[in-house]
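J.: My structure is stored as run17.cif, with mmCIF, C-alpha atoms.
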```cif
data_query
loop_
_atom_site.group_PDB
_atom_site.id
_atom_site.type_symbol
_atom_site.label_atom_id
_atom_site.label_comp_id
_atom_site.auth_asym_id
_atom_site.auth_seq_id
_atom_site.Cartn_x
_atom_site.Cartn_y
_atom_site.Cartn_z
ATOM 1 C CA MET E 49 -155.866 -147.233 -32.762
ATOM 2 C CA THR E 50 -152.877 -148.396 -34.798
ATOM 3 C CA ARG E 51 -155.076 -148.908 -37.823
ATOM 4 C CA GLU E 52 -156.413 -145.359 -37.498
ATOM 5 C CA ARG E 53 -152.876 -143.974 -37.479
ATOM 6 C CA ALA E 54 -152.000 -146.050 -40.533
ATOM 7 C CA GLU E 55 -155.123 -144.858 -42.340
ATOM 8 C CA ILE E 56 -154.259 -141.247 -41.540
ATOM 9 C CA SER E 57 -150.692 -141.624 -42.773
ATOM 10 C CA PHE E 58 -151.900 -142.929 -46.166
ATOM 11 C CA GLN E 59 -154.577 -140.278 -46.658
ATOM 12 C CA PRO E 60 -153.947 -137.510 -49.151
ATOM 13 C CA LYS E 61 -152.763 -134.279 -47.549
ATOM 14 C CA SER E 62 -155.841 -132.383 -48.722
ATOM 15 C CA GLU E 63 -158.103 -134.812 -46.868
ATOM 16 C CA ARG E 64 -156.010 -134.449 -43.723
ATOM 17 C CA SER E 65 -156.219 -130.668 -43.901
ATOM 18 C CA ASP E 66 -160.002 -130.896 -44.274
ATOM 19 C CA LYS E 67 -160.193 -132.807 -41.009
ATOM 20 C CA VAL E 68 -157.887 -130.332 -39.283
ATOM 21 C CA SER E 69 -159.984 -127.491 -40.639
ATOM 22 C CA ALA E 70 -163.143 -129.142 -39.307
ATOM 23 C CA VAL E 71 -161.585 -129.573 -35.864
ATOM 24 C CA ARG E 72 -160.552 -125.916 -35.829
ATOM 25 C CA THR E 73 -164.053 -124.862 -36.861
ATOM 26 C CA ILE E 74 -165.606 -126.948 -34.099
ATOM 27 C CA GLU E 75 -163.159 -125.545 -31.537
ATOM 28 C CA ALA E 76 -163.881 -121.968 -32.628
ATOM 29 C CA SER E 77 -167.605 -122.631 -32.404
ATOM 30 C CA ARG E 78 -167.192 -124.091 -28.921
ATOM 31 C CA LEU E 79 -165.272 -121.014 -27.781
ATOM 32 C CA LEU E 80 -167.959 -118.697 -29.148
ATOM 33 C CA VAL E 81 -170.696 -120.595 -27.338
ATOM 34 C CA GLN E 82 -168.649 -120.546 -24.131
ATOM 35 C CA ALA E 83 -168.135 -116.778 -24.373
ATOM 36 C CA LYS E 84 -171.808 -116.157 -25.113
ATOM 37 C CA SER E 85 -172.860 -118.352 -22.185
ATOM 38 C CA ALA E 86 -170.517 -116.493 -19.833
ATOM 39 C CA LYS E 87 -171.917 -113.141 -20.961
ATOM 40 C CA LEU E 88 -175.512 -114.317 -20.522
ATOM 41 C CA LYS E 89 -174.712 -115.698 -17.063
ATOM 42 C CA GLU E 90 -173.181 -112.369 -16.072
ATOM 43 C CA LEU E 91 -176.267 -110.501 -17.291
ATOM 44 C CA ARG E 92 -178.596 -112.912 -15.479
ATOM 45 C CA LEU E 93 -176.702 -112.574 -12.204
ATOM 46 C CA ALA E 94 -176.752 -108.782 -12.497
ATOM 47 C CA ARG E 95 -180.500 -108.848 -13.149
ATOM 48 C CA ASP E 96 -181.131 -111.197 -10.236
ATOM 49 C CA ALA E 97 -179.084 -108.990 -7.913
ATOM 50 C CA THR E 98 -181.439 -106.066 -8.567
ATOM 51 C CA ILE E 99 -184.609 -108.008 -7.767
ATOM 52 C CA VAL E 100 -185.894 -107.230 -4.267
ATOM 53 C CA VAL E 101 -187.752 -110.023 -2.559
ATOM 54 C CA ALA E 102 -190.405 -109.027 -0.024
ATOM 55 C CA PRO E 103 -189.831 -110.525 3.412
ATOM 56 C CA VAL E 104 -192.144 -113.345 4.379
ATOM 57 C CA LYS E 105 -194.491 -112.451 7.207
ATOM 58 C CA PRO E 106 -194.783 -115.137 9.847
ATOM 59 C CA GLY E 107 -198.354 -116.358 9.926
ATOM 60 C CA LYS E 108 -200.375 -118.314 12.387
ATOM 61 C CA SER E 109 -199.885 -122.002 12.059
ATOM 62 C CA ARG E 110 -202.998 -124.003 11.468
ATOM 63 C CA ARG E 111 -202.630 -127.175 13.404
ATOM 64 C CA THR E 112 -205.441 -129.621 13.620
ATOM 65 C CA LYS E 113 -206.352 -131.165 16.918
ATOM 66 C CA GLN E 114 -205.083 -134.664 17.188
ATOM 67 C CA GLY E 115 -207.434 -137.322 18.436
ATOM 68 C CA ALA E 116 -210.535 -135.237 17.922
#
```
Could you spell out this file's structure in structure tokens?
T.:
Amino acid sequence: MTRERAEISFQPKSERSDKVSAVRTIEASRLLVQAKSAKLKELRLARDATIVVAPVKPGKSRRTKQGA
């Protein structure tokens, strides 16, 4: 950890800004994916709420005779 900090402090500023830029790009991408996922989830829940499921009719149980 200390070595990493030392390496960062001796890096040229342009290289540091590249890393910061990459982190910002990754964060922006993550936020876009999160927003898209939330929108898709909302659409899926709305679609599922409109689906009507037919009630299940109770049927006769088919039990086999034991010991026969």
J.: Could you state the separation of CA of Thr73 in chain E and CA of Ser85 in chain E in Å, given to one decimal place?
T.: 18.3 Å
J.: For CA of Glu55 in chain E and CA of Ala70 in chain E, quote the distance in Å rounded to one decimal.
T.: 17.9 Å
J.: Record the distance separating CA of Gln82 in chain E and CA of Ala94 in chain E, expressed in Å with one decimal.
T.: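 Straight-line distance from CA of Gln82 in chain E to CA of Ala94 in chain E works out to 18.4 Å.
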